[in-house]
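Asker: Below you'll find target30.cif; it's mmCIF, C-alpha atoms.
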```
data_upload
loop_
_atom_site.label_atom_id
_atom_site.label_comp_id
_atom_site.auth_asym_id
_atom_site.auth_seq_id
_atom_site.Cartn_x
_atom_site.Cartn_y
_atom_site.Cartn_z
CA MET A 17 -65.37 -3.97 1.08
CA ILE A 18 -65.22 -4.49 -2.65
CA GLY A 19 -61.93 -2.70 -2.59
CA SER A 20 -60.55 -5.18 -0.04
CA VAL A 21 -61.02 -8.24 -2.30
CA PRO A 22 -58.14 -7.39 -4.63
CA GLY A 23 -56.11 -6.59 -1.48
CA LEU A 24 -56.71 -10.08 -0.12
CA ARG A 25 -55.84 -11.50 -3.50
CA ASP A 26 -52.58 -9.59 -3.43
CA VAL A 27 -51.78 -10.92 0.03
CA GLY A 28 -52.65 -14.44 -1.09
CA ARG A 29 -50.49 -14.08 -4.18
CA ALA A 30 -47.61 -12.73 -2.09
CA LEU A 31 -47.93 -15.63 0.36
CA GLY A 32 -47.94 -18.09 -2.55
CA VAL A 33 -44.78 -16.55 -3.98
CA ALA A 34 -43.13 -16.61 -0.54
CA LEU A 35 -44.08 -20.29 -0.07
CA ILE A 36 -42.68 -21.26 -3.48
CA ALA A 37 -39.51 -19.28 -2.75
CA ALA A 38 -39.15 -21.05 0.62
CA VAL A 39 -39.65 -24.49 -0.92
CA LEU A 40 -37.08 -23.72 -3.61
CA ALA A 41 -34.66 -22.24 -1.07
CA VAL A 42 -34.48 -25.38 1.11
CA PRO A 43 -32.82 -27.65 -1.46
CA ALA A 44 -30.66 -24.73 -2.57
CA ALA A 45 -29.41 -24.20 1.00
CA ARG A 46 -28.88 -27.96 1.36
CA ALA A 47 -26.89 -28.03 -1.86
CA GLN A 48 -24.81 -25.10 -0.67
CA ASN A 49 -24.20 -26.80 2.67
CA ALA A 50 -23.22 -30.03 0.93
CA GLY A 51 -20.88 -28.00 -1.27
CA THR A 52 -19.19 -26.45 1.78
CA ASP A 53 -18.79 -29.88 3.39
CA ALA A 54 -17.39 -31.38 0.24
CA ASP A 55 -14.97 -28.44 -0.09
CA ALA A 56 -13.57 -28.82 3.43
CA PHE A 57 -10.98 -31.35 2.27
CA ALA A 58 -9.82 -29.36 -0.78
CA PRO A 59 -7.75 -26.75 1.16
CA VAL A 60 -6.12 -29.52 3.24
CA GLU A 61 -5.28 -31.36 0.04
CA GLU A 62 -3.89 -28.20 -1.58
CA TYR A 63 -1.87 -27.39 1.52
CA ALA A 64 -0.45 -30.92 1.60
CA ARG A 65 0.56 -30.59 -2.06
CA LYS A 66 2.30 -27.26 -1.47
CA VAL A 67 4.08 -28.52 1.66
CA GLU A 68 5.33 -31.52 -0.29
CA GLU A 69 6.47 -29.24 -3.11
CA PHE A 70 8.37 -27.10 -0.61
CA THR A 71 10.08 -30.06 1.07
CA LYS A 72 11.06 -31.45 -2.34
CA ASN A 73 12.58 -28.14 -3.47
CA ALA A 74 14.40 -27.42 -0.21
CA PRO A 75 17.27 -29.92 -0.79
CA ASN A 76 18.39 -27.61 -3.60
CA LEU A 77 19.28 -25.18 -0.84
CA GLN A 78 21.65 -27.68 0.78
CA LYS A 79 23.21 -28.34 -2.61
CA LYS A 80 23.62 -24.64 -3.31
CA ILE A 81 25.04 -23.98 0.16
CA GLU A 82 27.49 -26.85 -0.33
CA GLU A 83 28.57 -25.57 -3.74
CA GLY A 84 28.70 -21.95 -2.58
CA THR A 85 30.76 -22.66 0.54
CA LYS A 86 33.21 -24.82 -1.45
CA SER A 87 33.59 -22.06 -3.99
CA ILE A 88 34.09 -19.41 -1.26
CA ASP A 89 36.68 -21.56 0.52
CA ALA A 90 38.62 -21.91 -2.74
CA LEU A 91 38.60 -18.19 -3.52
CA ALA A 92 41.44 -15.97 -2.45
CA ASP A 93 39.75 -12.87 -3.84
CA ALA A 94 37.68 -11.41 -1.00
CA ALA A 95 35.47 -9.34 -3.28
CA LYS A 96 34.52 -12.36 -5.40
CA ALA A 97 33.85 -14.47 -2.32
CA ARG A 98 31.69 -11.65 -1.01
CA ASP A 99 29.59 -11.85 -4.22
CA GLU A 100 29.15 -15.59 -3.69
CA LEU A 101 27.81 -14.90 -0.21
CA GLU A 102 25.29 -12.48 -1.65
CA GLN A 103 24.08 -15.14 -4.06
CA LEU A 104 23.68 -17.60 -1.22
CA ARG A 105 21.60 -15.03 0.64
CA GLY A 106 19.37 -14.82 -2.42
CA VAL A 107 18.77 -18.59 -2.28
CA VAL A 108 17.86 -18.47 1.42
CA ALA A 109 15.62 -15.43 0.80
CA ASP A 110 13.72 -17.37 -1.85
CA LEU A 111 12.90 -20.13 0.63
CA LEU A 112 12.11 -17.69 3.44
CA GLY A 113 9.70 -15.94 1.09
CA ARG A 114 7.82 -19.20 0.63
CA VAL A 115 7.37 -19.80 4.35
CA SER A 116 6.95 -16.18 5.48
CA ASP A 117 3.89 -15.35 7.58
CA ASN A 118 2.24 -13.58 4.66
CA GLY A 119 3.37 -16.18 2.13
CA GLU A 120 1.22 -18.63 0.21
CA LEU A 121 2.01 -21.63 2.43
CA SER A 122 1.06 -19.86 5.66
CA LYS A 123 -2.20 -18.60 4.19
CA LEU A 124 -3.08 -22.02 2.82
CA GLY A 125 -2.25 -23.64 6.16
CA ALA A 126 -4.49 -21.24 8.06
CA LYS A 127 -7.32 -21.78 5.58
CA ALA A 128 -6.94 -25.57 5.69
CA LEU A 129 -7.02 -25.58 9.50
CA ASP A 130 -10.02 -23.26 9.62
CA ASN A 131 -12.03 -25.33 7.18
CA ALA A 132 -11.08 -28.61 8.84
CA ARG A 133 -12.08 -27.30 12.29
CA ASN A 134 -15.41 -26.07 10.94
CA LYS A 135 -15.99 -29.43 9.30
CA LEU A 136 -15.23 -31.21 12.56
CA LYS A 137 -17.68 -28.98 14.43
CA ALA A 138 -20.36 -29.67 11.81
CA LEU A 139 -19.77 -33.42 11.98
CA GLU A 140 -19.92 -33.47 15.77
CA ALA A 141 -23.35 -31.85 15.59
CA ASP A 142 -24.54 -34.01 12.69
CA THR A 143 -27.26 -36.52 13.55
CA ARG A 144 -27.58 -38.14 10.13
CA PHE A 145 -25.17 -40.98 10.87
CA LYS A 146 -25.02 -43.77 13.40
CA PRO A 147 -22.87 -42.84 16.44
CA GLU A 148 -20.06 -45.21 15.40
CA GLU A 149 -20.11 -43.86 11.83
CA ARG A 150 -19.98 -40.31 13.09
CA GLN A 151 -17.15 -41.20 15.46
CA LEU A 152 -15.17 -42.68 12.57
CA LEU A 153 -15.47 -39.45 10.58
CA VAL A 154 -14.76 -37.28 13.63
CA ASP A 155 -11.60 -39.28 14.40
CA GLN A 156 -10.39 -38.99 10.81
CA TRP A 157 -10.87 -35.21 10.78
CA LYS A 158 -9.24 -34.85 14.19
CA GLU A 159 -6.20 -36.69 12.87
CA LEU A 160 -6.14 -34.52 9.75
CA ILE A 161 -6.28 -31.38 11.90
CA ARG A 162 -3.45 -32.70 14.08
CA GLN A 163 -1.28 -33.40 11.03
CA THR A 164 -2.07 -30.02 9.43
CA ALA A 165 -1.27 -28.16 12.66
CA ARG A 166 2.01 -30.10 12.98
CA ALA A 167 3.07 -29.29 9.44
CA ALA A 168 2.31 -25.60 10.13
CA GLU A 169 4.37 -25.71 13.34
CA ASP A 170 7.29 -27.34 11.52
CA LEU A 171 7.13 -24.65 8.85
CA ASP A 172 7.15 -22.03 11.64
CA LYS A 173 10.40 -23.56 12.87
CA ALA A 174 11.82 -23.57 9.33
CA ARG A 175 10.85 -19.89 8.98
CA ALA A 176 12.70 -19.03 12.20
CA GLU A 177 15.80 -20.92 10.98
CA PHE A 178 15.76 -19.26 7.55
CA ALA A 179 15.31 -15.84 9.18
CA GLU A 180 18.26 -16.53 11.47
CA LEU A 181 20.37 -17.74 8.54
CA ILE A 182 19.61 -14.67 6.46
CA ARG A 183 20.43 -12.43 9.42
CA THR A 184 23.76 -14.21 9.96
CA LEU A 185 24.61 -13.87 6.29
CA GLN A 186 23.76 -10.19 6.09
CA THR A 187 25.57 -9.17 9.29
CA ARG A 188 28.67 -11.17 8.31
CA GLU A 189 28.55 -9.59 4.86
CA ASP A 190 28.33 -6.14 6.47
CA PHE A 191 31.34 -6.94 8.65
CA ILE A 192 33.27 -8.20 5.61
CA ASP A 193 32.36 -4.99 3.76
CA GLU A 194 33.69 -2.94 6.67
CA LEU A 195 36.93 -4.94 6.63
CA LEU A 196 37.28 -4.53 2.87
CA GLN A 197 36.73 -0.79 3.20
CA ILE A 198 39.76 -0.52 5.46
CA LYS A 199 41.75 -2.85 3.17
CA ARG A 200 41.80 -5.80 5.55
CA ALA A 201 41.21 -8.47 2.89
CA ALA A 202 43.07 -11.18 4.80
CA GLU A 203 40.79 -10.75 7.84
CA ALA A 204 37.77 -10.67 5.54
CA ILE A 205 38.78 -14.02 4.06
CA LYS A 206 39.17 -15.41 7.58
CA VAL A 207 35.65 -14.24 8.50
CA MET A 208 34.30 -15.86 5.33
CA ARG A 209 35.95 -19.20 6.12
CA GLN A 210 34.37 -19.15 9.58
CA LEU A 211 31.06 -18.24 7.97
CA THR A 212 31.20 -21.12 5.49
CA SER A 213 31.75 -23.49 8.38
CA ASP A 214 28.72 -22.00 10.21
CA LEU A 215 26.67 -22.25 7.01
CA ARG A 216 27.41 -25.95 6.64
CA GLU A 217 26.21 -26.51 10.19
CA ALA A 218 23.05 -24.48 9.54
CA SER A 219 22.47 -26.41 6.33
CA GLU A 220 22.66 -29.74 8.18
CA LYS A 221 20.21 -28.47 10.79
CA LEU A 222 17.79 -27.35 8.07
CA LYS A 223 18.14 -30.66 6.28
CA THR A 224 16.99 -32.51 9.41
CA LEU A 225 14.23 -30.00 10.06
CA ILE A 226 12.81 -29.97 6.54
CA GLY A 227 13.25 -33.73 6.19
CA GLY A 228 10.95 -34.12 9.20
CA ILE A 229 8.08 -32.08 7.73
CA ARG A 230 5.18 -34.34 6.77
CA PRO A 231 2.32 -33.01 4.66
CA PRO A 232 -1.10 -33.70 6.21
CA GLY A 233 -2.56 -36.99 5.05
CA ALA A 234 0.85 -38.33 4.01
CA MET B 5 -11.35 -14.63 -35.77
CA ARG B 6 -12.88 -13.51 -32.47
CA ALA B 7 -10.96 -16.23 -30.68
CA ALA B 8 -7.72 -15.03 -32.25
CA ILE B 9 -8.43 -11.43 -31.20
CA GLY B 10 -9.24 -12.68 -27.68
CA LEU B 11 -5.98 -14.61 -27.56
CA VAL B 12 -3.99 -11.57 -28.68
CA GLY B 13 -5.77 -9.50 -26.01
CA VAL B 14 -4.95 -12.01 -23.27
CA THR B 15 -1.33 -12.20 -24.42
CA LEU B 16 -1.02 -8.40 -24.42
CA ALA B 17 -2.56 -8.22 -20.94
CA ALA B 18 -0.12 -10.86 -19.68
CA VAL B 19 2.82 -8.97 -21.17
CA ALA B 20 1.59 -5.72 -19.60
CA LEU B 21 1.18 -7.40 -16.20
CA SER B 22 4.63 -8.98 -16.34
CA GLY B 23 5.98 -5.48 -16.97
CA CYS B 24 4.45 -4.43 -13.65
CA GLU B 25 6.40 -7.06 -11.70
CA ASN B 26 8.46 -5.91 -8.78
CA LYS B 27 11.86 -5.30 -10.35
CA ASP B 28 13.55 -4.28 -7.09
CA GLY B 29 12.68 -7.56 -5.42
CA ASN B 30 11.56 -8.29 -1.90
CA GLY B 31 13.05 -8.26 1.53
CA PHE B 32 11.72 -9.18 4.96
CA VAL B 33 10.37 -7.49 8.04
CA GLN B 34 10.59 -9.30 11.35
CA ILE B 35 8.36 -7.94 14.07
CA LYS B 36 8.88 -9.09 17.64
CA ALA B 37 6.40 -7.93 20.24
CA VAL B 38 7.73 -8.11 23.80
CA PRO B 39 6.57 -9.43 26.11
CA ALA B 40 4.96 -12.04 23.85
CA SER B 41 2.47 -12.84 26.60
CA VAL B 42 0.44 -9.64 26.19
CA VAL B 43 -3.17 -10.82 26.37
CA THR B 44 -4.67 -8.65 23.67
CA PRO B 45 -1.95 -7.07 21.59
CA PRO B 46 -3.14 -4.24 19.36
CA ALA B 47 -3.56 -4.82 15.64
CA PHE B 48 -0.40 -4.02 13.71
CA TYR B 49 -0.37 -2.43 10.29
CA LEU B 50 2.36 -2.14 7.68
CA ASP B 51 1.30 1.03 5.89
CA SER B 52 -2.43 0.39 5.48
CA VAL B 53 -2.25 -3.42 5.47
CA LYS B 54 -3.55 -5.00 8.65
CA LEU B 55 -1.40 -7.90 9.82
CA ASP B 56 -2.72 -11.19 11.09
CA PRO B 57 -2.29 -11.56 14.86
CA LEU B 58 1.35 -12.35 15.68
CA LYS B 59 2.08 -16.00 16.48
CA LYS B 60 3.96 -16.25 19.77
CA GLY B 61 4.56 -12.51 19.52
CA GLU B 62 6.50 -12.75 16.27
CA ALA B 63 6.06 -12.51 12.51
CA VAL B 64 8.39 -12.63 9.50
CA LEU B 65 6.79 -10.93 6.53
CA SER B 66 7.89 -10.69 2.95
CA ARG B 67 7.74 -7.10 1.80
CA ARG B 68 8.54 -5.15 -1.33
CA VAL B 69 11.82 -3.24 -1.23
CA GLY B 70 11.33 0.31 0.06
CA THR B 71 10.21 2.07 3.22
CA THR B 72 7.14 0.98 5.10
CA LYS B 73 5.41 2.43 8.13
CA LEU B 74 4.66 0.25 11.15
CA GLN B 75 1.49 1.36 12.90
CA VAL B 76 -0.84 0.13 15.61
CA GLU B 77 -4.54 0.58 15.90
CA ALA B 78 -5.21 2.95 18.77
CA PRO B 79 -8.48 2.92 20.75
CA GLY B 80 -11.14 4.56 18.63
CA GLY B 81 -9.79 3.00 15.45
CA ASN B 82 -7.16 5.66 14.79
CA MET B 83 -3.71 4.69 13.52
CA PHE B 84 -0.71 5.39 15.65
CA PRO B 85 2.61 5.36 13.76
CA LEU B 86 5.40 3.55 15.63
CA CYS B 87 8.37 3.73 13.28
CA GLU B 88 9.51 3.36 9.69
CA ILE B 89 11.14 0.22 8.37
CA VAL B 90 13.54 0.19 5.45
CA VAL B 91 13.31 -3.06 3.48
CA LYS B 92 16.27 -4.05 1.34
CA LYS B 93 16.49 -6.79 -1.25
CA ASN B 94 16.94 -10.27 0.30
CA ARG B 95 17.69 -8.74 3.71
CA ILE B 96 15.75 -8.86 6.93
CA THR B 97 14.93 -5.81 9.06
CA THR B 98 14.13 -6.66 12.65
CA VAL B 99 12.08 -4.43 14.89
CA THR B 100 11.18 -5.20 18.47
CA VAL B 101 8.04 -3.53 19.74
CA SER B 102 7.90 -2.95 23.46
CA MET B 103 4.30 -3.54 24.48
CA ILE B 104 4.76 -2.54 28.10
CA GLU B 105 5.09 1.08 27.09
CA ARG B 106 2.09 3.26 26.27
CA PRO B 107 2.01 3.81 23.38
CA PRO B 108 4.12 0.81 22.25
CA ARG B 109 7.62 1.74 21.15
CA CYS B 110 9.92 0.45 18.42
CA GLN B 111 13.42 -0.75 19.21
CA CYS B 112 15.50 -1.12 16.07
CA THR B 113 18.25 -3.73 15.88
CA HIS B 114 19.91 -1.31 13.48
CA SER B 115 18.76 2.31 13.20
CA ALA B 116 19.08 4.28 10.00
CA SER B 117 20.20 7.38 11.86
CA PRO B 118 22.20 7.39 15.10
CA SER B 119 20.80 10.83 15.92
CA ALA B 120 17.23 9.53 15.83
CA PRO B 121 17.45 5.96 17.12
CA ASN B 122 14.38 3.75 16.79
CA ARG B 123 12.65 6.09 14.38
CA THR B 124 13.72 4.27 11.22
CA CYS B 125 14.84 0.64 11.38
CA ILE B 126 17.08 -0.69 8.65
CA GLY B 127 18.12 -4.21 7.65
#
```
How does the structure come out when it is put into structure tokens?

Answerer:
Amino acid sequence: MIGSVPGLRDVGRALGVALIAAVLAVPAARAQNAGTDADAFAPVEEYARKVEEFTKNAPNLQKKIEEGTKSIDALADAAKARDELEQLRGVVADLLGRVSDNGELSKLGAKALDNARNKLKALEADTRFKPEERQLLVDQWKELIRQTARAAEDLDKARAEFAELIRTLQTREDFIDELLQIKRAAEAIKVMRQLTSDLREASEKLKTLIGGIRPPGA
Amino acid sequence: MRAAIGLVGVTLAAVALSGCENKDGNGFVQIKAVPASVVTPPAFYLDSVKLDPLKKGEAVLSRRVGTTKLQVEAPGGNMFPLCEIVVKKNRITTVTVSMIERPPRCQCTHSASPSAPNRTCIG
């Protein structure tokens, strides 16, 4: 019996420690939750910034395509023109790299959408606010999600166009190489002229496509 | 003094890291799973890297120049190699994966060897 007194004390002490820990944990969890909520907008904001950066840089591609095609059209030397084509492919590859499925933009987009959808779910279940206040926030987040998803879809289309452009360039280059191997430089030049015309068309298409991309929240 | 040593250390680390940059550049791998409407496509891997689920049955991935192995996760968690993909600088290698076959099968747009079509795709 005497031996059980310290045991009870131990239990009491343990309960006290657990109670204090629980009391301390509640505000900590709240703070963490508030932090998550507050952070939900940050990925959307970062994604919007990166999308804007991409759309601002993309016109350089049109300029480079324009300059490259002009230069190719003016060249009579098939080998030199072939080198110009390779440089153009490098420019397109740079942009494709930015919008590739494992690129920074795609990852940011997925993260932004995930966070925004979680935030929306949390708000819909939140009872802190008046119904009309909650509805206001829910509507704003729904709109943000819609805009983020649209930007991601537009970038998907841009990725498909860049991939197609790079494929056209590389297969035409391969064909030109084959022609040059069998000393058919005149035919190679003809193929390049046709290609420059196709490239201008593709460039116009991309201009419209990229010009239509709107970062979320814009 | 300590700050100066720290700064020198950081600079040296940055120089060392920049030396590790990919000198050969990157190319692209395009994976097309057909039909795209497969309800639960298996998880694809490029070497040991698991890919995110394909969007509309397709993905264009930036990849370091070299040869990479396309694999799927077989039931039981084992890897099943489908084909090899040669990635060249600033070029795209397209591989179509037929999902109606068991196991899925690669169809190369351009095969590295005519004697072994669809074993190694090249861009």

Asker: Kindly assemble as CSV a list of the stretch 107-142 of chain A residues that lie within 12 Å of stretch 53-66 of chain B, each paired with its nearest atom pair and their distance in Å to one decimal, using all atoms listed in the file, sorted first by chain and then by ascending residue number.

Answerer:
```
residue,atom,partner,partner_atom,distance
A:Ala109,CA,B:Ser66,CA,9.3
A:Asp110,CA,B:Ser66,CA,10.1
A:Leu111,CA,B:Ser66,CA,10.9
A:Leu112,CA,B:Ser66,CA,8.2
A:Gly113,CA,B:Ser66,CA,5.9
A:Arg114,CA,B:Ser66,CA,8.8
A:Val115,CA,B:Val64,CA,8.9
A:Ser116,CA,B:Leu65,CA,5.4
A:Asp117,CA,B:Leu65,CA,5.4
A:Asn118,CA,B:Leu65,CA,5.6
A:Gly119,CA,B:Ser66,CA,7.2
A:Glu120,CA,B:Ser66,CA,10.7
A:Ser122,CA,B:Leu65,CA,10.6
A:Lys123,CA,B:Asp56,CA,10.1
A:Ala126,CA,B:Asp56,CA,10.6
```

Asker: Can you spell out as a list in words the set of residues that the PyMOL selection byres ((chain B and resi 93) around 10) selects in the structure I just provided?

Answerer: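 In the shown coordinates, the PyMOL selection byres ((chain B and resi 93) around 10) covers Arg105, Gly106 and Ala109 of chain A; Asp28, Gly29, Asn30, Gly31, Phe32, Arg67, Arg68, Val69, Gly70, Val91, Lys92, Asn94, Arg95, Ile96 and Gly127 of chain B.
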
Asker: For the structure shown, which residues end up in the PyMOL selection byres ((chain A and resi 135) around 9)? Put them as a list in words, please?

Answerer: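 Here the PyMOL selection byres ((chain A and resi 135) around 9) matches Thr52, Asp53, Ala56, Phe57, Asp130, Asn131, Ala132, Arg133, Asn134, Leu136, Lys137, Ala138, Leu139, Glu140 and Trp157 of chain A.
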
Asker: Using all atoms of stretch 40-57 of chain B that appear in the file, construct an axis-aligned enclosing box with 6 Å of padding on every side and provide its centre coordinates and edge lengths in Å, rounded to one decimal, as lines of an AutoDock Vina configuration file.

Answerer:
```
center_x = 0.1
center_y = -5.9
center_z = 16.0
size_x = 21.6
size_y = 25.9
size_z = 33.1
```

Asker: So which residues touch B:Tyr49 within 10 Å, counting all atoms listed in the file, skipping near sequence neighbours fewer than 5 positions away, as a ChimeraX atom specification?

Answerer: /B:54-56,72-77,83-86

Asker: On this structure, which residues satisfy the PyMOL selection byres ((chain A and resi 203-215) around 9), written as a ChimeraX atom specification?

Answerer: /A:81-82,84-86,88-89,91-94,97-98,101,181,184-185,188-189,191-196,200-202,216-220

Asker: Just checking: using all atoms listed in the file, which residue out of B:Ser119, B:Arg109, B:Val101, B:Ile35 ends up closest to chain A?

Answerer: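 Selected residue with least distance to chain A: B:Ile35.
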
Asker: How many Å lie between atom CA of A:Gly125 and atom CA of B:Pro39, rounded to one decimal?

Answerer: 26.0 Å

Asker: Would you work out the distance separating atom CA of A:Lys80 from atom CA of A:Leu104, expressed in Å to one decimal?

Answerer: 7.3 Å

Asker: Record the distance separating atom CA of A:Arg162 and atom CA of A:Glu149, expressed in Å with one decimal.

Answerer: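 Atom CA of A:Arg162 sits 20.2 Å away from atom CA of A:Glu149.
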
Asker: Between B:Ser52, B:Ser115, B:Thr98, B:Asn122, which has the minimum distance to chain A (counting all atoms listed in the file)?

Answerer: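 Counting all atoms listed in the file, the residue closest to chain A is B:Thr98.
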
Asker: Would you list the residues near (1.6, -30.7, -1.9) (no more than 12 Å away, in the coordinates of the file, using all atoms listed in the file) as a ChimeraX atom specification?

Answerer: /A:58-73,121,124-125,164,167,229-234

Asker: Write only C-alpha atoms for stretch 62-112 of chain A from the block just shown, as a short mmCIF file (atom, residue, chain, number, x, y, z; two decimals), in the first residue's frame.

Answerer:
```
data_model
loop_
_atom_site.label_atom_id
_atom_site.label_comp_id
_atom_site.auth_asym_id
_atom_site.auth_seq_id
_atom_site.Cartn_x
_atom_site.Cartn_y
_atom_site.Cartn_z
CA GLU A 62 4.62 32.16 -57.61
CA TYR A 63 3.02 30.25 -60.47
CA ALA A 64 1.45 33.46 -61.81
CA ARG A 65 4.84 35.17 -61.68
CA LYS A 66 6.56 32.33 -63.55
CA VAL A 67 3.79 32.14 -66.17
CA GLU A 68 4.10 35.87 -66.76
CA GLU A 69 7.87 35.54 -67.02
CA PHE A 70 7.44 32.78 -69.61
CA THR A 71 4.94 34.74 -71.71
CA LYS A 72 7.22 37.79 -71.61
CA ASN A 73 10.26 35.80 -72.76
CA ALA A 74 8.44 33.86 -75.48
CA PRO A 75 8.30 36.75 -78.02
CA ASN A 76 12.09 36.39 -78.27
CA LEU A 77 11.35 33.08 -79.97
CA GLN A 78 9.30 34.79 -82.69
CA LYS A 79 12.09 37.31 -83.16
CA LYS A 80 14.72 34.59 -83.39
CA ILE A 81 12.60 32.52 -85.79
CA GLU A 82 12.09 35.61 -87.95
CA GLU A 83 15.81 36.42 -87.97
CA GLY A 84 16.80 32.78 -88.48
CA THR A 85 14.40 32.17 -91.37
CA LYS A 86 15.49 35.40 -93.09
CA SER A 87 19.10 34.39 -92.73
CA ILE A 88 18.40 30.86 -94.05
CA ASP A 89 16.47 32.23 -97.03
CA ALA A 90 19.41 34.48 -97.90
CA LEU A 91 22.00 31.71 -97.69
CA ALA A 92 23.01 29.76 -100.75
CA ASP A 93 25.35 27.54 -98.76
CA ALA A 94 23.30 24.53 -97.64
CA ALA A 95 25.70 23.55 -94.87
CA LYS A 96 25.59 27.02 -93.30
CA ALA A 97 21.82 27.15 -93.56
CA ARG A 98 21.70 23.74 -91.91
CA ASP A 99 23.68 25.17 -88.95
CA GLU A 100 21.17 28.02 -88.65
CA LEU A 101 18.38 25.46 -88.42
CA GLU A 102 20.19 23.70 -85.61
CA GLN A 103 20.45 26.97 -83.71
CA LEU A 104 16.74 27.57 -84.15
CA ARG A 105 16.07 24.11 -82.75
CA GLY A 106 18.12 25.09 -79.70
CA VAL A 107 15.87 28.12 -79.13
CA VAL A 108 12.70 26.01 -79.37
CA ALA A 109 14.25 23.37 -77.08
CA ASP A 110 14.91 26.03 -74.45
CA LEU A 111 11.24 26.99 -74.38
CA LEU A 112 10.05 23.38 -74.49
#
```
